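Before any comments, here is the structure.
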Amino acid sequence: MYKVAVMGDWDSIYGFAALGLEIFPENEPAKAGKILRQLAERDYAVIYITEALAKELERELDHYRSAPLPAIIPIPGISGNTGMGVQMVKKSVEQAVGSDIIFNET
């Protein structure tokens, strides 16, 4: 059975434990990258990651972009929304379709 994980700073993710999701609090990019790789190798189908941490792990996240699992989804942290989630969706659509069909920016 697949699992769901949440990664990021403690203050941003601890509430997800009440929903039954497994949380992995981490701020340091090197350690977070190692945790991300471990989660991807196990039965985690969805990994929510705070936008601040995702920004630090962009290269690592690009590696998983074309893989069917896990789905790595950026979420806002306590510091607010940076717009990274929307940018990642835009990038994925452009990669799949070949152009920007969502925002029609040139």
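Letters A, B, ... mark the chains of the structure tokens in the order given; residue numbers begin at 1 per chain; ligand numbers begin at 1, in order shown.
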
* **Contacts of stretch 48-63 of chain A within 12 Å, only C-alpha atoms, excl. fewer than 5 positions in-chain, as a PyMOL selection string** => chain A and resi 3-14+16+21-37+39-40+68-88+91-92+95

* Would you please extract all strand (DSSP E) residues from chain A, as assigned by DSSP on the backbone, and give them as a ChimeraX atom specification? => /A:3-8,22-25,44-50,71-75

* Asked: Hey, can you check how far atom CA of A:Tyr64 sits from atom CA of A:Gln38?
  ->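 Answer for the atom CA of A:Tyr64 to atom CA of A:Gln38 separation: 12.6 Å.
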
* Asked: What does the distance between atom CA of A:Asp43 and atom CA of A:Arg65 come to in Å, to one decimal place?
  ->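 If I compute the distance from atom CA of A:Asp43 to atom CA of A:Arg65, I get 17.0 Å.
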